[in-house]
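To start, the structure under review is shown below, and the notes come after it.
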Amino acid sequence: MIEKINGNTKIYGIIGYPVKHSFSPIMHNAAFSELKVDARYVPFCVKPDKISQAIEGIRALGISGFNVTIPHKSSVMEYLDEVAPIARKVGAVNTVKNLNGRLIGTNTDILGFVRSLKELNFNPLNKKIGLLGAGGSSRALLAGLANAGASEILICNRTMERSKKLELEFSRFFPKIKIKSVPLKKINESHLDLLVNSTSVGMLDDEILIDLNLCSKKKHVVDIIYNPSQTKLLRQAENLGIPNLNGLSMLLYQGCEAFEFWTNLPAPKQIMQKQLFKLVN
Ligand code: ATR
C-alpha cells in the first residue's frame with residue numbers, strides 16, 4: 001500500500017445512494033496499490049436530488065474518475081460532456097473519466113458482462129440466448145450480447161410491456177439480430193445456448209423463475225446475482241452439469257474495464273478477484 005497521500009494523489013470514487021455496501025472501493029484500491037498507482041478510491045453517498053451538485057463538485061475538486069451506481073446511472077448522463085454511443089443506447093452510464101476537465105461517460109457493464117462469459121468459454125457470436133428481466137441491468141446485458149453478435153435473443157419479463165419496449169428499441173439499434181419479447185413458456189421450451197437471469201429473483205429468497213429440471217436444454221446458465229453466490233438457479237445448473245456463472249465475474253470485469261478506462265493500464269485481475277472473493281465467500 002502506498003502510505004502517503006499528497007498533492008499528486010489522484011482521487012477516484014463511486015457515487016450512489018446507498019453506496020455503503022459497494023465492493024468497488026476494496027477492488028479498486030487493491031488494484032491501485034498492486035500497480036503502485038498513486039490514487040485512492042472512495043465511496044460518495046449522493047442523494048437523488050443532489051446529483052447535479054455532486055457533478056459540479058467533482059469538476060471543481062478535479063476528481064479523476066468515478067463509477068456511478070443506483071439510482072444515478074441514467075440521470076448522470078445529462079451532466080456529462082460526452083457519453084459513449086453504446087452507453088447512450090443502454091441509457092445508463094456507470095463509469096466516468098475526467099479528461100482535462102471534460103467528463104466522459106461510458107458503460108463498462110456491457111463489456112464487463114461479455115468478458116465474464118469467457119470464464120464459461122462462451123462466445124455469444126451466432127448464439128441463441130434467453131434473457132430473464134428487462135430492468136436497468138438487462139439493458140446493458142442485451143447491448144453486450146447484441147454487440148457481440150448473438151443471432152437471437154429472447155427476452156422474458158414479468159411486466160411484458162417492459163420487455164416489449166426493449167424488443168422495439170434494441171431491434172432498431174441492432175436490425176440484424178432477432179430480438180423478441182416472449183412469455184416464460186417460450187423460454188421454458190426453447191433450446192438455448194445461454195440462459196441469463198438479470199432479475200432480482202433469487203437474491204432475497206430461494207426462488208427461481210425457471211425450473212431447469214423441467215425445461216428444454218440450456219447449454220450455459222448465468223445469474224448476475226452474486227450474493228448469494230449460488231442462487232437456486234445456479235444450484236440446479238450445477239446439479240445438472242450445466243456450465244454456470246454467478247454475477248461476481250461481471251462485477252470483476254466491469255471493474256477491470258473501468259480501471260483500464262481511467263488509467264490505461266491493464267487491470268490486475270487476480271488481485272481484484274481475490275478481494276471480491278473474500279467479500280462474498
Ligand atoms: P436493475 O437495475 O437491477 O435491473 P430493475 O430495473 O428494478 O433493477 O429491474 C429488476 C428486474 O427484476 C425487472 O425485470 C423486474 O421485473 P418487472 O419489470 O416486472 O418489475 C424483475 N423482477 C423483480 N422481482 C421479480 C419477481 N418477483 N418476479 C419476476 N421478476 C421480478
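Ligands are numbered from 1 in the order shown, residues from 1 within each chain, and chains are lettered A, B, ... in the order they appear in the C-alpha cells.
Taking only C-alpha atoms and all ligand atoms into account, ligand 1 has within 8 Å the residues Ile70, Leu132, Gly133, Ala134, Gly135, Gly136, Ser137, Ser138, Arg139, Asn157, Arg158, Thr159, Met160, Arg162, Ser163, Ser198, Thr199, Ser200, Val201 and Leu209 of chain A.
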Could you save those same residues with N, CA and C atoms as a JSON list (two decimals), in the first residue's frame?
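Everything below was put into result18.json:
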```json
[["chain", "number", "residue", "atom", "x", "y", "z"],
["A", 70, "ILE", "N", -26.75, 2.82, -8.65],
["A", 70, "ILE", "CA", -28.15, 3.13, -8.38],
["A", 70, "ILE", "C", -28.25, 4.28, -7.38],
["A", 132, "LEU", "N", -33.77, -13.28, -18.88],
["A", 132, "LEU", "CA", -34.86, -13.06, -17.94],
["A", 132, "LEU", "C", -34.69, -11.68, -17.33],
["A", 133, "GLY", "N", -35.68, -10.81, -17.51],
["A", 133, "GLY", "CA", -35.61, -9.46, -16.94],
["A", 133, "GLY", "C", -35.54, -8.40, -18.03],
["A", 134, "ALA", "N", -36.03, -7.21, -17.68],
["A", 134, "ALA", "CA", -35.99, -6.10, -18.64],
["A", 134, "ALA", "C", -35.74, -4.79, -17.89],
["A", 135, "GLY", "N", -35.01, -4.89, -16.79],
["A", 135, "GLY", "CA", -34.70, -3.71, -15.98],
["A", 135, "GLY", "C", -33.42, -3.04, -16.46],
["A", 136, "GLY", "N", -32.85, -2.21, -15.59],
["A", 136, "GLY", "CA", -31.64, -1.46, -15.92],
["A", 136, "GLY", "C", -30.48, -2.38, -16.31],
["A", 137, "SER", "N", -30.24, -3.41, -15.50],
["A", 137, "SER", "CA", -29.11, -4.30, -15.79],
["A", 137, "SER", "C", -29.35, -5.05, -17.09],
["A", 138, "SER", "N", -30.59, -5.46, -17.30],
["A", 138, "SER", "CA", -30.92, -6.24, -18.51],
["A", 138, "SER", "C", -30.54, -5.47, -19.77],
["A", 139, "ARG", "N", -30.71, -4.17, -19.74],
["A", 139, "ARG", "CA", -30.41, -3.36, -20.93],
["A", 139, "ARG", "C", -28.93, -3.44, -21.29],
["A", 157, "ASN", "N", -39.99, -10.97, -19.36],
["A", 157, "ASN", "CA", -40.10, -10.16, -18.15],
["A", 157, "ASN", "C", -41.50, -10.27, -17.56],
["A", 158, "ARG", "N", -41.55, -10.21, -16.23],
["A", 158, "ARG", "CA", -42.84, -10.27, -15.54],
["A", 158, "ARG", "C", -43.79, -9.22, -16.12],
["A", 159, "THR", "N", -43.30, -8.01, -16.26],
["A", 159, "THR", "CA", -44.11, -6.94, -16.87],
["A", 159, "THR", "C", -43.76, -6.92, -18.36],
["A", 160, "MET", "N", -44.66, -7.47, -19.15],
["A", 160, "MET", "CA", -44.30, -7.69, -20.55],
["A", 160, "MET", "C", -44.13, -6.39, -21.34],
["A", 162, "ARG", "N", -42.49, -3.91, -20.56],
["A", 162, "ARG", "CA", -41.07, -3.52, -20.47],
["A", 162, "ARG", "C", -40.21, -4.31, -21.45],
["A", 163, "SER", "N", -40.46, -5.62, -21.54],
["A", 163, "SER", "CA", -39.65, -6.43, -22.47],
["A", 163, "SER", "C", -40.00, -6.09, -23.91],
["A", 198, "SER", "N", -31.34, -11.84, -15.21],
["A", 198, "SER", "CA", -30.95, -10.49, -14.81],
["A", 198, "SER", "C", -32.06, -9.85, -13.98],
["A", 199, "THR", "N", -32.91, -10.70, -13.39],
["A", 199, "THR", "CA", -33.91, -10.17, -12.45],
["A", 199, "THR", "C", -33.33, -10.31, -11.04],
["A", 200, "SER", "N", -34.06, -9.78, -10.07],
["A", 200, "SER", "CA", -33.59, -9.91, -8.68],
["A", 200, "SER", "C", -34.14, -11.18, -8.03],
["A", 201, "VAL", "N", -34.82, -12.01, -8.80],
["A", 201, "VAL", "CA", -35.39, -13.24, -8.23],
["A", 201, "VAL", "C", -34.24, -14.22, -7.89],
["A", 209, "LEU", "N", -37.32, -18.53, -11.48],
["A", 209, "LEU", "CA", -38.37, -18.24, -12.46],
["A", 209, "LEU", "C", -38.53, -19.43, -13.39]]
```
Can you list, as a VMD selection string, all residues belonging to range 26-149 of chain A that DSSP tags as strand (DSSP E)? chain A and resid 39 to 45 65 to 68 82 to 83 95 to 99 102 to 106 128 to 132
If you measure from CA of Lys176 in chain A to CA of Glu119 in chain A, what distance in Å do you get, rounded to one decimal?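 Interatomic distance here is 26.7 Å.
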Give me, as JSON lines, each residue of range 189-218 of chain A that comes within 10 Å of range 144-155 of chain A, together with its shortest interatomic pair and the distance in Å at one decimal, counting only C-alpha atoms, with rows ordered by chain and rising residue number.
```
{"residue": "A:Ser190", "atom": "CA", "partner": "A:Leu154", "partner_atom": "CA", "distance": 9.5}
{"residue": "A:Leu192", "atom": "CA", "partner": "A:Leu154", "partner_atom": "CA", "distance": 9.5}
{"residue": "A:Leu194", "atom": "CA", "partner": "A:Ile153", "partner_atom": "CA", "distance": 9.7}
{"residue": "A:Leu195", "atom": "CA", "partner": "A:Leu154", "partner_atom": "CA", "distance": 9.5}
{"residue": "A:Val196", "atom": "CA", "partner": "A:Ile155", "partner_atom": "CA", "distance": 9.7}
```
Limited to all heavy atoms, could you put the picked residues into a file as an mmCIF file, in the first residue's frame?
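What ended up in part_28.cif:
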```
data_model
loop_
_atom_site.group_PDB
_atom_site.id
_atom_site.type_symbol
_atom_site.label_atom_id
_atom_site.label_comp_id
_atom_site.auth_asym_id
_atom_site.auth_seq_id
_atom_site.Cartn_x
_atom_site.Cartn_y
_atom_site.Cartn_z
ATOM 1 N N SER A 190 -37.647 -23.551 -25.171
ATOM 2 C CA SER A 190 -36.611 -23.310 -26.194
ATOM 3 C C SER A 190 -35.282 -23.949 -25.810
ATOM 4 O O SER A 190 -34.874 -23.905 -24.649
ATOM 5 C CB SER A 190 -36.372 -21.813 -26.368
ATOM 6 O OG SER A 190 -37.531 -21.185 -26.819
ATOM 7 N N LEU A 192 -31.632 -23.390 -25.666
ATOM 8 C CA LEU A 192 -30.863 -22.144 -25.639
ATOM 9 C C LEU A 192 -29.381 -22.427 -25.423
ATOM 10 O O LEU A 192 -29.020 -23.322 -24.648
ATOM 11 C CB LEU A 192 -31.352 -21.240 -24.496
ATOM 12 C CG LEU A 192 -32.800 -20.742 -24.559
ATOM 13 C CD1 LEU A 192 -33.157 -19.991 -23.282
ATOM 14 C CD2 LEU A 192 -33.014 -19.844 -25.775
ATOM 15 N N LEU A 194 -27.527 -20.142 -24.135
ATOM 16 C CA LEU A 194 -27.256 -19.467 -22.851
ATOM 17 C C LEU A 194 -28.566 -18.934 -22.280
ATOM 18 O O LEU A 194 -29.365 -18.335 -22.999
ATOM 19 C CB LEU A 194 -26.293 -18.284 -23.089
ATOM 20 C CG LEU A 194 -26.053 -17.334 -21.920
ATOM 21 C CD1 LEU A 194 -25.285 -18.016 -20.793
ATOM 22 C CD2 LEU A 194 -25.276 -16.089 -22.380
ATOM 23 N N LEU A 195 -28.748 -19.139 -20.988
ATOM 24 C CA LEU A 195 -29.860 -18.523 -20.263
ATOM 25 C C LEU A 195 -29.264 -17.586 -19.222
ATOM 26 O O LEU A 195 -28.372 -17.989 -18.466
ATOM 27 C CB LEU A 195 -30.708 -19.603 -19.566
ATOM 28 C CG LEU A 195 -31.805 -19.060 -18.650
ATOM 29 C CD1 LEU A 195 -32.946 -18.439 -19.458
ATOM 30 C CD2 LEU A 195 -32.358 -20.144 -17.734
ATOM 31 N N VAL A 196 -29.757 -16.336 -19.199
ATOM 32 C CA VAL A 196 -29.229 -15.366 -18.233
ATOM 33 C C VAL A 196 -30.357 -14.846 -17.358
ATOM 34 O O VAL A 196 -31.385 -14.380 -17.876
ATOM 35 C CB VAL A 196 -28.603 -14.139 -18.955
ATOM 36 C CG1 VAL A 196 -27.946 -13.213 -17.938
ATOM 37 C CG2 VAL A 196 -27.582 -14.573 -19.991
#
```
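Distance check against Arg40 in chain A using only C-alpha atoms: of A:Leu265, A:Ile63, A:Val96, A:Leu214, the minimum falls on A:Ile63.
Proximity ranking of A:Asn6, A:Asn98, A:Ser74, A:Ser22 relative to Ile58 in chain A places A:Asn98 first, based on only C-alpha atoms.
Rounded to one decimal, CA of Ile26 in chain A and CA of Phe261 in chain A lie 18.0 Å from each other.
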Of the listed residues A:Cys215, A:Val83, A:Val19, A:Ala92, that which approaches Ala140 in chain A most closely, counting only C-alpha atoms: A:Ala92
Which residues are close to Gly241 in chain A, i.e. within 12 Å by only C-alpha atoms, leaving aside same-chain residues fewer than 3 positions away? Reply as number ranges by chain. A: 212-213, 217-221, 234-238, 244
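Each of A:Ile15, A:Leu184, A:Ile110, A:Leu61 was checked against Glu257 in chain A using only C-alpha atoms; the smallest atom-to-atom distance is that of A:Ile110.
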